[in-house]
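Data block for model.txt (compact mmCIF, C-alpha atoms and all ligand atoms):
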```
# COMPACT_ATOMS: atom_id res chain seq x y z
CA MET F 83 5.51 -24.00 -3.56
CA ASN F 84 2.21 -22.37 -4.51
CA LEU F 85 2.10 -18.66 -3.78
CA ASP F 86 -1.43 -17.90 -4.84
CA TRP F 87 -2.87 -16.64 -1.56
CA THR F 88 -6.09 -18.38 -0.61
CA PRO F 89 -9.19 -16.17 -0.15
CA GLU F 90 -8.70 -16.51 3.65
CA GLN F 91 -5.06 -15.39 3.39
CA GLN F 92 -6.03 -12.53 1.10
CA ALA F 93 -8.58 -11.39 3.67
CA LEU F 94 -6.05 -11.57 6.53
CA ILE F 95 -3.49 -9.61 4.48
CA ALA F 96 -5.98 -6.93 3.46
CA GLU F 97 -7.32 -6.60 7.02
CA ALA F 98 -3.79 -6.32 8.45
CA SER F 99 -2.83 -3.61 5.99
CA ARG F 100 -6.02 -1.65 6.68
CA PHE F 101 -5.65 -2.09 10.43
CA ALA F 102 -2.03 -0.84 10.34
CA HIS F 103 -3.00 2.13 8.22
CA ASP F 104 -5.95 3.07 10.43
CA ARG F 105 -4.57 2.26 13.88
CA LEU F 106 -0.77 1.99 13.84
CA LEU F 107 0.57 4.61 11.46
CA PRO F 108 2.61 6.77 13.85
CA ARG F 109 2.02 10.50 13.64
CA ASP F 110 5.34 11.16 15.39
CA ARG F 111 8.33 8.92 15.63
CA PRO F 112 7.86 6.68 18.71
CA THR F 113 10.39 7.21 21.46
CA ALA F 114 9.59 4.15 23.55
CA PHE F 115 7.75 0.84 23.60
CA ASP F 116 4.33 1.51 22.09
CA GLU F 117 1.90 0.21 24.72
CA ALA F 118 -1.20 1.30 22.79
CA GLY F 119 0.11 -0.17 19.52
CA TRP F 120 0.94 -3.44 21.28
CA ARG F 121 -2.57 -3.68 22.73
CA ALA F 122 -4.17 -2.80 19.40
CA CYS F 123 -2.14 -5.54 17.67
CA ALA F 124 -3.09 -8.02 20.37
CA GLU F 125 -6.78 -7.13 19.97
CA HIS F 126 -6.49 -7.45 16.20
CA GLY F 127 -5.14 -10.98 16.74
CA VAL F 128 -1.60 -10.41 15.44
CA LEU F 129 -0.01 -12.21 18.39
CA ALA F 130 -2.50 -15.06 18.34
CA LEU F 131 -2.03 -15.66 14.62
CA PRO F 132 0.61 -18.44 14.61
CA LEU F 133 0.07 -19.65 18.19
CA PRO F 134 -1.79 -22.85 19.10
CA ALA F 135 -5.57 -23.00 19.43
CA ALA F 136 -5.14 -24.26 23.01
CA TRP F 137 -3.66 -20.84 23.84
CA GLY F 138 -6.49 -19.00 22.09
CA GLY F 139 -4.42 -18.73 18.92
CA ARG F 140 -5.36 -19.34 15.29
CA GLY F 141 -2.60 -21.84 14.55
CA GLU F 142 -1.76 -20.22 11.20
CA GLY F 143 1.45 -21.24 9.45
CA ALA F 144 4.68 -19.26 9.09
CA LEU F 145 3.94 -18.25 5.49
CA THR F 146 0.60 -16.69 6.42
CA THR F 147 2.25 -15.01 9.40
CA VAL F 148 5.01 -13.37 7.33
CA ALA F 149 2.43 -12.19 4.80
CA VAL F 150 0.45 -10.56 7.61
CA PHE F 151 3.57 -8.96 9.12
CA GLU F 152 4.52 -7.67 5.70
CA ALA F 153 1.04 -6.17 5.34
CA LEU F 154 1.37 -4.48 8.74
CA GLY F 155 4.62 -2.86 7.61
CA ARG F 156 3.13 -1.88 4.25
CA GLY F 157 0.16 -0.37 6.05
CA GLY F 158 2.42 1.86 8.12
CA ALA F 159 3.25 0.09 11.41
CA ASP F 160 6.38 1.43 13.10
CA ARG F 161 9.42 -0.81 12.67
CA GLY F 162 10.08 -0.79 16.40
CA LEU F 163 6.62 -2.14 17.13
CA LEU F 164 7.05 -4.79 14.43
CA PHE F 165 10.40 -5.79 15.91
CA ALA F 166 8.97 -5.99 19.43
CA LEU F 167 6.08 -8.16 18.19
CA GLY F 168 8.47 -10.37 16.24
CA ALA F 169 10.94 -10.84 19.11
CA HIS F 170 8.05 -11.84 21.37
CA LEU F 171 6.49 -14.25 18.87
CA PHE F 172 9.36 -15.74 16.91
CA GLY F 173 12.08 -15.60 19.55
CA CYS F 174 10.03 -16.66 22.55
CA ALA F 175 6.36 -17.68 22.20
CA LEU F 176 6.65 -20.10 19.26
CA PRO F 177 9.60 -22.01 20.78
CA ILE F 178 7.58 -22.29 24.02
CA SER F 179 4.67 -23.68 22.01
CA ARG F 180 7.01 -26.34 20.67
CA TYR F 181 9.15 -27.21 23.69
CA GLY F 182 7.07 -26.06 26.66
CA SER F 183 5.76 -28.57 29.21
CA ALA F 184 2.01 -28.74 29.85
CA HIS F 185 2.62 -26.68 32.99
CA GLN F 186 4.64 -23.99 31.12
CA GLN F 187 2.07 -23.79 28.33
CA ALA F 188 -0.74 -23.43 30.89
CA ARG F 189 1.24 -20.75 32.76
CA TRP F 190 2.28 -18.63 29.76
CA GLY F 191 0.36 -19.63 26.64
CA THR F 192 -2.80 -17.56 26.95
CA GLY F 193 -0.95 -14.44 28.08
CA LEU F 194 1.57 -14.67 25.24
CA ALA F 195 -1.25 -15.09 22.72
CA ASP F 196 -3.45 -12.27 24.03
CA GLY F 197 -0.49 -9.93 24.61
CA SER F 198 -0.99 -9.54 28.36
CA ALA F 199 2.41 -11.24 28.85
CA ILE F 200 5.44 -10.10 26.87
CA GLY F 201 8.24 -12.49 25.98
CA ALA F 202 11.92 -12.00 25.23
CA LEU F 203 14.77 -14.19 24.05
CA ALA F 204 17.97 -13.87 26.08
CA ILE F 205 20.93 -15.53 24.35
CA THR F 206 23.64 -12.95 23.85
CA ASP F 207 26.54 -12.96 26.28
CA PRO F 208 28.23 -9.61 26.93
CA ALA F 209 31.60 -11.23 25.99
CA GLY F 210 30.35 -12.02 22.46
CA GLY F 211 27.17 -13.26 20.84
CA SER F 212 28.44 -15.03 17.74
CA ASP F 213 30.35 -17.79 19.49
CA LEU F 214 27.62 -19.58 21.37
CA THR F 215 30.10 -21.69 23.30
CA LEU F 216 31.25 -18.53 25.12
CA MET F 217 28.07 -18.60 27.15
CA GLY F 218 29.00 -17.12 30.53
CA ALA F 219 25.57 -17.54 32.12
CA ARG F 220 25.44 -20.73 34.17
CA ALA F 221 22.57 -22.64 35.68
CA LEU F 222 24.08 -25.15 38.04
CA GLY F 223 22.17 -27.78 39.95
CA GLY F 224 19.99 -30.65 38.86
CA THR F 225 16.83 -32.42 39.86
CA GLU F 226 16.43 -30.25 42.97
CA GLY F 227 16.54 -27.05 40.96
CA TYR F 228 19.08 -24.65 39.46
CA VAL F 229 20.95 -21.51 40.45
CA LEU F 230 21.23 -19.16 37.47
CA SER F 231 24.06 -16.59 37.44
CA GLY F 232 25.44 -14.35 34.72
CA GLU F 233 24.27 -11.72 32.24
CA LYS F 234 22.53 -11.48 28.90
CA THR F 235 22.67 -8.36 26.82
CA LEU F 236 20.98 -6.68 23.84
CA VAL F 237 17.74 -8.40 24.82
CA THR F 238 14.90 -6.95 22.73
CA ASN F 239 11.79 -6.26 24.85
CA GLY F 240 14.04 -6.63 27.91
CA PRO F 241 12.72 -3.52 29.69
CA ARG F 242 9.09 -4.70 29.31
CA ALA F 243 9.22 -8.49 29.20
CA ASP F 244 7.35 -10.65 31.70
CA VAL F 245 9.18 -13.84 30.80
CA PHE F 246 12.67 -14.49 29.44
CA LEU F 247 13.67 -17.51 27.41
CA VAL F 248 17.23 -17.84 28.69
CA ILE F 249 19.98 -20.08 27.35
CA ALA F 250 22.57 -20.98 29.98
CA ALA F 251 25.26 -23.59 30.55
CA THR F 252 24.16 -26.43 32.79
CA ALA F 253 27.33 -28.43 32.05
CA PRO F 254 29.94 -25.78 31.20
CA ASP F 255 32.60 -28.37 30.23
CA ARG F 256 30.35 -29.91 27.54
CA GLY F 257 30.26 -26.87 25.21
CA PRO F 258 27.11 -26.63 23.05
CA LEU F 259 25.87 -29.96 24.42
CA GLY F 260 25.99 -28.50 27.92
CA LEU F 261 23.53 -25.69 27.20
CA SER F 262 19.95 -25.71 28.43
CA ALA F 263 16.95 -23.42 28.02
CA PHE F 264 14.95 -21.94 30.88
CA LEU F 265 11.82 -19.87 31.23
CA VAL F 266 12.57 -17.20 33.81
CA PRO F 267 9.77 -14.91 35.03
CA ARG F 268 10.71 -11.26 35.45
CA GLU F 269 9.85 -11.25 39.16
CA THR F 270 12.40 -14.01 39.93
CA PRO F 271 14.44 -12.88 42.96
CA GLY F 272 17.97 -11.93 41.86
CA LEU F 273 16.90 -10.91 38.32
CA SER F 274 17.48 -7.27 37.42
CA VAL F 275 17.06 -5.31 34.21
CA GLU F 276 19.26 -2.49 32.96
CA PRO F 277 17.76 -0.70 29.92
CA LEU F 278 20.13 0.07 27.03
CA GLY F 279 20.13 3.04 24.69
CA ALA F 280 20.33 2.46 20.91
CA PRO F 281 20.19 4.76 17.88
CA GLY F 282 17.29 2.93 16.22
CA LEU F 283 14.13 0.95 16.90
CA PRO F 284 13.10 2.91 20.01
CA GLY F 285 9.81 1.02 19.93
CA ALA F 286 11.70 -2.21 20.61
CA PRO F 287 13.77 -1.27 23.65
CA MET F 288 16.67 -3.46 24.73
CA ALA F 289 18.18 -4.31 28.06
CA THR F 290 20.91 -6.21 29.80
CA ILE F 291 19.40 -8.84 32.10
CA MET F 292 21.42 -9.74 35.18
CA PHE F 293 20.91 -12.96 37.09
CA LYS F 294 22.38 -12.97 40.57
CA GLU F 295 22.04 -16.46 42.01
CA CYS F 296 18.46 -16.80 40.80
CA GLY F 297 16.89 -19.96 42.23
CA LEU F 298 14.92 -21.80 39.54
CA PRO F 299 12.74 -24.88 40.07
CA PRO F 300 13.39 -27.91 37.82
CA ALA F 301 10.09 -27.02 36.07
CA ALA F 302 11.77 -23.85 34.71
CA LEU F 303 13.68 -26.01 32.19
CA LEU F 304 12.32 -25.55 28.66
CA GLY F 305 12.84 -28.92 26.99
CA PRO F 306 15.22 -31.52 28.39
CA VAL F 307 18.54 -30.77 30.10
CA GLY F 308 21.16 -30.19 27.39
CA ALA F 309 18.57 -29.17 24.78
CA GLY F 310 19.61 -25.49 24.84
CA MET F 311 21.07 -25.58 21.31
CA LYS F 312 17.91 -27.18 19.97
CA VAL F 313 15.62 -24.58 21.55
CA MET F 314 17.91 -21.72 20.53
CA SER F 315 18.08 -23.04 16.95
CA SER F 316 14.29 -23.10 16.85
CA SER F 317 14.12 -19.46 18.02
CA LEU F 318 16.80 -18.36 15.55
CA ARG F 319 15.18 -20.25 12.71
CA TRP F 320 11.87 -18.48 13.30
CA GLU F 321 13.58 -15.12 13.75
CA ARG F 322 15.84 -15.40 10.70
CA SER F 323 12.95 -16.56 8.52
CA CYS F 324 10.16 -14.26 9.71
CA LEU F 325 11.29 -11.33 11.85
CA LEU F 326 12.11 -8.95 9.00
CA ALA F 327 8.96 -9.56 6.94
CA GLY F 328 7.27 -6.51 8.44
CA PHE F 329 10.33 -4.41 7.63
CA LEU F 330 10.12 -5.48 4.00
CA GLY F 331 6.53 -4.23 3.94
CA ALA F 332 7.68 -0.92 5.41
CA ALA F 333 10.46 -0.75 2.78
CA GLU F 334 7.85 -1.23 0.06
CA ARG F 335 6.00 1.73 1.51
CA ASP F 336 9.19 3.82 1.47
CA LEU F 337 9.82 2.80 -2.15
CA GLN F 338 6.36 4.06 -3.08
CA SER F 339 6.98 7.38 -1.35
CA CYS F 340 10.33 7.75 -3.20
CA LEU F 341 8.51 7.10 -6.44
CA ALA F 342 5.88 9.72 -5.62
CA HIS F 343 8.65 12.18 -4.72
CA VAL F 344 10.52 11.89 -8.03
CA ARG F 345 7.28 11.97 -10.01
CA ALA F 346 6.27 15.22 -8.35
CA ARG F 347 9.68 16.92 -8.14
CA ARG F 348 10.88 18.46 -11.39
CA ASP F 349 13.87 20.05 -13.00
CA ARG F 350 13.82 22.01 -16.26
CA ARG F 351 13.47 18.76 -18.28
CA GLY F 352 10.49 17.44 -16.32
CA PRO F 353 9.95 15.02 -13.44
CA LEU F 354 13.16 13.70 -11.85
CA LEU F 355 11.93 10.18 -12.64
CA LYS F 356 12.88 10.90 -16.28
CA HIS F 357 16.57 10.64 -15.30
CA GLU F 358 17.77 7.15 -15.95
CA ALA F 359 20.03 7.31 -12.88
CA VAL F 360 16.98 7.96 -10.68
CA ALA F 361 14.76 5.36 -12.39
CA HIS F 362 17.47 2.70 -12.22
CA ARG F 363 18.04 3.37 -8.55
CA LEU F 364 14.33 2.73 -7.96
CA ALA F 365 14.53 -0.39 -10.12
CA ARG F 366 17.39 -1.73 -7.99
CA MET F 367 15.39 -1.05 -4.85
CA LYS F 368 12.50 -3.02 -6.30
CA LEU F 369 14.79 -5.88 -7.33
CA ARG F 370 16.33 -6.18 -3.85
CA LEU F 371 12.92 -6.04 -2.25
CA GLU F 372 11.45 -8.76 -4.46
CA ALA F 373 14.50 -11.02 -4.04
CA ALA F 374 14.43 -10.67 -0.26
CA ARG F 375 10.66 -11.16 -0.14
CA TRP F 376 10.80 -14.45 -2.06
CA LEU F 377 13.60 -15.77 0.14
CA VAL F 378 11.55 -14.87 3.22
CA TYR F 379 8.47 -16.60 1.77
CA ARG F 380 10.58 -19.61 0.92
CA ALA F 381 12.07 -19.84 4.43
CA ALA F 382 8.59 -19.48 5.99
CA TRP F 383 7.15 -22.10 3.65
CA ASN F 384 10.01 -24.41 4.68
CA ILE F 385 8.97 -24.03 8.31
CA ASP F 386 5.42 -25.03 7.40
CA GLU F 387 6.70 -27.99 5.37
CA GLY F 388 9.18 -29.09 8.06
CA ARG F 389 12.25 -28.75 5.89
CA GLY F 390 15.35 -26.59 5.36
CA VAL F 391 16.42 -25.63 8.86
CA LEU F 392 19.70 -23.80 8.23
CA LEU F 393 20.28 -22.53 4.71
CA ALA F 394 16.87 -21.00 3.93
CA PRO F 395 16.68 -18.95 7.16
CA ALA F 396 20.26 -17.67 6.67
CA LEU F 397 19.57 -16.69 3.04
CA ALA F 398 16.33 -14.97 4.00
CA LYS F 399 17.81 -13.05 6.92
CA LEU F 400 20.90 -11.95 5.01
CA ALA F 401 18.99 -10.89 1.89
CA ALA F 402 16.37 -9.04 3.95
CA SER F 403 18.83 -7.14 6.16
CA GLU F 404 21.08 -6.18 3.21
CA CYS F 405 18.04 -5.09 1.19
CA LEU F 406 16.75 -2.99 4.07
CA VAL F 407 20.03 -1.15 4.61
CA ASP F 408 20.75 -0.65 0.89
CA ASN F 409 17.19 0.49 0.19
CA ALA F 410 17.20 2.86 3.16
CA LEU F 411 20.41 4.45 1.81
CA ASP F 412 18.98 4.65 -1.70
CA ALA F 413 15.79 6.25 -0.38
CA LEU F 414 17.96 8.94 1.19
CA ARG F 415 19.95 9.36 -2.04
CA ILE F 416 16.76 9.75 -4.05
CA SER F 417 15.03 12.11 -1.64
CA ALA F 418 18.29 14.00 -1.01
CA GLY F 419 17.82 17.18 1.08
CA PRO F 420 14.11 16.84 1.91
CA GLY F 421 14.70 13.16 2.71
CA TRP F 422 17.19 14.10 5.38
CA LEU F 423 14.57 15.99 7.38
CA ASP F 424 12.87 14.33 10.33
CA GLU F 425 9.44 14.69 8.76
CA ALA F 426 10.45 12.43 5.83
CA GLY F 427 11.20 9.59 8.26
CA LEU F 428 13.94 8.23 5.98
CA ALA F 429 16.95 8.95 8.19
CA SER F 430 15.21 7.33 11.14
CA ALA F 431 14.32 4.36 8.89
CA LEU F 432 18.04 3.93 8.23
CA ARG F 433 18.76 4.02 11.96
CA ASP F 434 16.06 1.39 12.49
CA VAL F 435 17.31 -1.04 9.88
CA VAL F 436 21.04 -0.91 10.55
CA GLY F 437 20.62 -3.10 13.64
CA THR F 438 19.10 -5.87 11.51
CA MET F 439 22.60 -6.65 10.23
CA SER F 440 23.45 -8.00 13.71
CA ALA F 441 20.14 -9.17 15.18
CA SER F 442 19.56 -12.97 15.08
CA GLY F 443 23.20 -13.46 14.05
CA THR F 444 25.44 -11.11 12.11
CA THR F 445 25.91 -10.92 8.35
CA ASP F 446 29.20 -12.83 8.74
CA VAL F 447 27.50 -15.59 10.68
CA GLN F 448 24.79 -15.96 7.98
CA LEU F 449 27.53 -16.07 5.32
CA SER F 450 29.31 -18.80 7.27
CA VAL F 451 26.08 -20.83 7.45
CA ILE F 452 25.55 -20.38 3.71
CA ALA F 453 29.18 -21.24 2.90
CA ALA F 454 29.03 -24.35 5.10
CA SER F 455 25.96 -25.53 3.20
CA LEU F 456 27.49 -25.22 -0.26
CA GLY F 457 27.21 -28.55 -1.96
CA VAL F 458 25.17 -29.95 0.91
CA GLU F 459 21.42 -30.44 0.70
CA ASP F 460 19.69 -28.44 3.49
CA PRO F 461 17.91 -31.18 5.48
C1 LIG Q 1 18.64 -4.76 16.92
C2 LIG Q 1 19.21 -5.93 17.67
C3 LIG Q 1 18.36 -6.78 18.37
C4 LIG Q 1 18.88 -7.84 19.12
N1 LIG Q 1 18.02 -8.61 19.86
C5 LIG Q 1 18.52 -9.61 20.63
C6 LIG Q 1 17.65 -10.38 21.47
O1 LIG Q 1 16.43 -10.18 21.53
N2 LIG Q 1 18.21 -11.36 22.24
C7 LIG Q 1 19.54 -11.61 22.22
O2 LIG Q 1 19.97 -12.52 22.93
N3 LIG Q 1 20.39 -10.90 21.43
C8 LIG Q 1 19.92 -9.90 20.65
N4 LIG Q 1 20.76 -9.16 19.87
C9 LIG Q 1 22.17 -9.45 19.87
C10 LIG Q 1 22.66 -10.13 18.59
O3 LIG Q 1 22.16 -11.45 18.52
C11 LIG Q 1 24.19 -10.07 18.61
O4 LIG Q 1 24.56 -8.71 18.43
C12 LIG Q 1 24.83 -10.93 17.54
O5 LIG Q 1 24.60 -12.30 17.76
C13 LIG Q 1 26.35 -10.70 17.45
O6 LIG Q 1 26.96 -10.79 18.69
P1 LIG Q 1 27.90 -9.60 19.19
O7 LIG Q 1 27.14 -8.34 19.03
O8 LIG Q 1 28.39 -9.93 20.53
O9 LIG Q 1 29.10 -9.56 18.13
P2 LIG Q 1 30.46 -10.43 18.17
O10 LIG Q 1 30.11 -11.86 18.32
O11 LIG Q 1 31.37 -9.82 19.16
O12 LIG Q 1 31.02 -10.18 16.71
C14 LIG Q 1 31.81 -9.03 16.36
C15 LIG Q 1 32.20 -9.13 14.89
O13 LIG Q 1 32.96 -10.33 14.65
C16 LIG Q 1 32.31 -11.12 13.64
N5 LIG Q 1 32.39 -12.54 14.02
C17 LIG Q 1 32.38 -13.06 15.26
N6 LIG Q 1 32.44 -14.40 15.20
C18 LIG Q 1 32.45 -14.74 13.89
C19 LIG Q 1 32.48 -15.98 13.17
N7 LIG Q 1 32.49 -17.16 13.80
N8 LIG Q 1 32.48 -15.95 11.83
C20 LIG Q 1 32.47 -14.76 11.17
N9 LIG Q 1 32.44 -13.55 11.79
C21 LIG Q 1 32.42 -13.54 13.13
C22 LIG Q 1 30.85 -10.68 13.67
O14 LIG Q 1 30.21 -10.91 12.43
C23 LIG Q 1 30.99 -9.21 13.96
O15 LIG Q 1 31.27 -8.51 12.78
C24 LIG Q 1 20.27 -8.09 19.12
C25 LIG Q 1 21.13 -7.24 18.40
C26 LIG Q 1 20.62 -6.17 17.70
C27 LIG Q 1 21.56 -5.26 16.97
```

Turn the structure described in the file into structure tokens.
Ligand SMILES: Cc1cc2nc3c(=O)[nH]c(=O)nc-3n(C[C@H](O)[C@H](O)[C@H](O)COP(=O)(O)OP(=O)(O)OC[C@H]3O[C@@H](n4cnc5c(N)ncnc54)[C@H](O)[C@@H]3O)c2cc1C
Amino acid sequence: MNLDWTPEQQALIAEASRFAHDRLLPRDRPTAFDEAGWRACAEHGVLALPLPAAWGGRGEGALTTVAVFEALGRGGADRGLLFALGAHLFGCALPISRYGSAHQQARWGTGLADGSAIGALAITDPAGGSDLTLMGARALGGTEGYVLSGEKTLVTNGPRADVFLVIAATAPDRGPLGLSAFLVPRETPGLSVEPLGAPGLPGAPMATIMFKECGLPPAALLGPVGAGMKVMSSSLRWERSCLLAGFLGAAERDLQSCLAHVRARRDRRGPLLKHEAVAHRLARMKLRLEAARWLVYRAAWNIDEGRGVLLAPALAKLAASECLVDNALDALRISAGPGWLDEAGLASALRDVVGTMSASGTTDVQLSVIAASLGVEDP
């Protein structure tokens, strides 16, 4: 694994950081999906980056993509916008690029790459998201078409999405082998969207999506019948490996502002940074950040190399989400009273990152994946 960025990668990283600083740095905390930010990112080519050339994309690998997302976060992009972009790309567009039929790619590819169509991944059942066999949504039928009924909840981008990648049971008695994936356009008769409120990530709004006897043509199937687990695993692998890269960049930015704060703020003995307790807290933040960053790079590199489908994504996602929450708490400890104020943005950063412990599978689920792999080579 060679992590010397090529001159082309260095240019993409530097451009992304500059672009985020100049165009995305929010003056006020966003309260909703950032339409202008989304369009600016699309124009800058963020969405096209890892998508196929046939869609108008650049076909860059996962490692380059996470480096660019990290640079966007470091440059000042809002976490909600980064999460919305990531859910669209990693949860929906990339799996379509892999499993989509020629017809599906022609229908959605260009729009997903130029940002005129927004994608969402709809897996989670209201009865519980961790046990995938509990999938209540059913798509019954066959070669003549399917009738999709049920609900999906906590769907990021749900209130804005044009297309949903939905996992539903086509053979409910066959458990995971009876799941299939579908591409369901928002305007499908019987589909309705109920926006959800959440304490963080207002720029990545969520919704419950209800399907009331939605008629789907056979061409709505993404991949073969019964391939739902495969498609879902592909989405989750991309999400667990890459979705939090931008947040790590934003955490680096917060670390730098904590450092500036304790350099400038003084007690009678000098700058607060002189206190070992303060300096060590910053050192721990740096350690967590570096450890998470390398695991994310490793998981992304694995995607590019076609290896390590389970363990590396789980390690990356768990390390990144724990780092983000711990570092957000430490940033508040270090900045203390002034850090609590809205203008510091640190309390809202904590609200944004707490949800990462559950998104793309909870901490416990990642630990179970890691535990199951102990002593077993990740294929
Ligand atoms: C910010 C955010 C964004 C999200 N975006 C999306 C999205 O775009 N699309 C989508 O479909 N979903 C999305 N989700 C939902 C997310 O995938 C689920 O929250 C997650 O899979 C857990 O499901 P649950 O919330 O139903 O918890 P439950 O499954 O009810 O789990 C409750 C508790 O039990 C533990 N638990 C359950 N089963 C096990 C087990 N087998 N082993 C160990 N512990 C277990 C869990 O760790 C957790 O602590 C998002 C969630 C968040 C917070």

Shell of 7 Å around ligand LIG 1 (chain Q) (all atoms listed in the file), written as an mmCIF file with C-alpha atoms, in the frame of the given file:
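Once written, part.cif looks like this:
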```
data_model
loop_
_atom_site.group_PDB
_atom_site.id
_atom_site.type_symbol
_atom_site.label_atom_id
_atom_site.label_comp_id
_atom_site.auth_asym_id
_atom_site.auth_seq_id
_atom_site.Cartn_x
_atom_site.Cartn_y
_atom_site.Cartn_z
ATOM 1 C CA ALA F 169 10.940 -10.840 19.110
ATOM 2 C CA ALA F 202 11.920 -12.000 25.230
ATOM 3 C CA LEU F 203 14.770 -14.190 24.050
ATOM 4 C CA ALA F 204 17.970 -13.870 26.080
ATOM 5 C CA ILE F 205 20.930 -15.530 24.350
ATOM 6 C CA THR F 206 23.640 -12.950 23.850
ATOM 7 C CA ASP F 207 26.540 -12.960 26.280
ATOM 8 C CA PRO F 208 28.230 -9.610 26.930
ATOM 9 C CA ALA F 209 31.600 -11.230 25.990
ATOM 10 C CA GLY F 210 30.350 -12.020 22.460
ATOM 11 C CA GLY F 211 27.170 -13.260 20.840
ATOM 12 C CA SER F 212 28.440 -15.030 17.740
ATOM 13 C CA ASP F 213 30.350 -17.790 19.490
ATOM 14 C CA LYS F 234 22.530 -11.480 28.900
ATOM 15 C CA THR F 235 22.670 -8.360 26.820
ATOM 16 C CA LEU F 236 20.980 -6.680 23.840
ATOM 17 C CA VAL F 237 17.740 -8.400 24.820
ATOM 18 C CA THR F 238 14.900 -6.950 22.730
ATOM 19 C CA ASN F 239 11.790 -6.260 24.850
ATOM 20 C CA GLY F 437 20.620 -3.100 13.640
ATOM 21 C CA THR F 438 19.100 -5.870 11.510
ATOM 22 C CA MET F 439 22.600 -6.650 10.230
ATOM 23 C CA SER F 440 23.450 -8.000 13.710
ATOM 24 C CA ALA F 441 20.140 -9.170 15.180
ATOM 25 C CA SER F 442 19.560 -12.970 15.080
ATOM 26 C CA GLY F 443 23.200 -13.460 14.050
ATOM 27 C CA THR F 444 25.440 -11.110 12.110
ATOM 28 C CA THR F 445 25.910 -10.920 8.350
ATOM 29 C CA ASP F 446 29.200 -12.830 8.740
ATOM 30 C CA VAL F 447 27.500 -15.590 10.680
ATOM 31 C CA SER F 450 29.310 -18.800 7.270
#
```

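Of note, atom CA of Leu131 of chain F and atom CA of Gln92 of chain F are spaced 14.4 Å apart.
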
Exercise. With a distance cut-off of 12 Å and all atoms listed in the file, select the neighbouring residues of Trp422 of chain F, excluding the residue or stretch itself and same-chain residues fewer than 3 positions from it, and output the selection as JSON, numbers by chain.
Key: {"F": [410, 411, 412, 413, 414, 415, 416, 417, 418, 419, 425, 426, 427, 428, 429, 430, 431, 432]}

Quiz item: Of the residues F:Pro353, F:Gly297, F:Gly157, F:Gly138, which is the one nearest to Thr270 of chain F, using only C-alpha atoms?
Solution: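 Smallest separation from Thr270 of chain F among the options: F:Gly297.
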
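For the residues F:Ala98, F:Leu171, F:Val378, F:Leu230, ranking by smallest atom-to-atom distance to Pro134 of chain F using all atoms listed in the file places F:Leu171 first.
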
Practice problem: Using only C-alpha atoms, find all polymer residues with an atom at most 12 Å away from the point (1.0, -2.2, 21.9); report them as a PyMOL selection string. | Solution: chain F and resi 105-106+112+114-129+159-160+162-167+170+196-200+239+242+285-286

Practice problem: Calculate how many Å separate atom CA of Gly352 of chain F from atom CA of Arg156 of chain F, rounding to one decimal. | Solution: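 Computing it gives 29.2 Å between the two atoms.
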
Self-check item: Atomic separation - atom CA of Gly279 of chain F relative to atom CA of Cys324 of chain F, Å
Solution: 25.0 Å

Quiz item: Using only C-alpha atoms, which of F:Met83, F:Leu278, F:Val436, F:Ala149 sits nearest Asn384 of chain F?
Solution: F:Met83

Which residues are near His185 of chain F? Cut-off 12 Å, only C-alpha atoms, ignore same chain within fewer than 5 positions. Put them as an mmCIF file with C-alpha atoms, in the frame of the given file.
```cif
data_model
loop_
_atom_site.group_PDB
_atom_site.id
_atom_site.type_symbol
_atom_site.label_atom_id
_atom_site.label_comp_id
_atom_site.auth_asym_id
_atom_site.auth_seq_id
_atom_site.Cartn_x
_atom_site.Cartn_y
_atom_site.Cartn_z
ATOM 1 C CA ILE F 178 7.580 -22.290 24.020
ATOM 2 C CA SER F 179 4.670 -23.680 22.010
ATOM 3 C CA TRP F 190 2.280 -18.630 29.760
ATOM 4 C CA GLY F 191 0.360 -19.630 26.640
ATOM 5 C CA LEU F 265 11.820 -19.870 31.230
ATOM 6 C CA PRO F 300 13.390 -27.910 37.820
ATOM 7 C CA ALA F 301 10.090 -27.020 36.070
ATOM 8 C CA ALA F 302 11.770 -23.850 34.710
ATOM 9 C CA LEU F 303 13.680 -26.010 32.190
ATOM 10 C CA LEU F 304 12.320 -25.550 28.660
#
```

Practice problem: Give the answer as one residue: which of F:Arg389, F:Arg322, F:Arg350, F:Lys294 has the shortest atom-to-atom distance to Leu377 of chain F, using only C-alpha atoms? | Solution: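 Closest candidate: F:Arg322.
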
Quiz item: Got a sec: who's within 9 Å of Leu355 of chain F, counting all atoms listed in the file, leaving out chain neighbours fewer than 5 positions off, as number ranges by chain?
Solution: F: 341, 343-348, 360-361

Quiz item: Neighbours of Ala96 of chain F within 12 Å (only C-alpha atoms; same-chain residues fewer than 6 positions away dropped), as number ranges by chain?
Solution: F: 87, 89-90, 102-103, 149-154, 156-157

Quiz item: Quick one: residues within 9 Å of Phe264 of chain F, all atoms listed in the file counted, chain neighbours fewer than 2 positions away excluded, as a VMD selection string?
Solution: chain F and resid 246 to 250 262 266 298 301 to 305 310

Go ahead and write the residues just picked, C-alpha atoms, as a compact mmCIF listing (two decimals), in the frame of the given file.
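Listed below is the output, result39.txt:
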```txt
# COMPACT_ATOMS: atom_id res chain seq x y z
CA PHE F 246 12.67 -14.49 29.44
CA LEU F 247 13.67 -17.51 27.41
CA VAL F 248 17.23 -17.84 28.69
CA ILE F 249 19.98 -20.08 27.35
CA ALA F 250 22.57 -20.98 29.98
CA SER F 262 19.95 -25.71 28.43
CA VAL F 266 12.57 -17.20 33.81
CA LEU F 298 14.92 -21.80 39.54
CA ALA F 301 10.09 -27.02 36.07
CA ALA F 302 11.77 -23.85 34.71
CA LEU F 303 13.68 -26.01 32.19
CA LEU F 304 12.32 -25.55 28.66
CA GLY F 305 12.84 -28.92 26.99
CA GLY F 310 19.61 -25.49 24.84
```
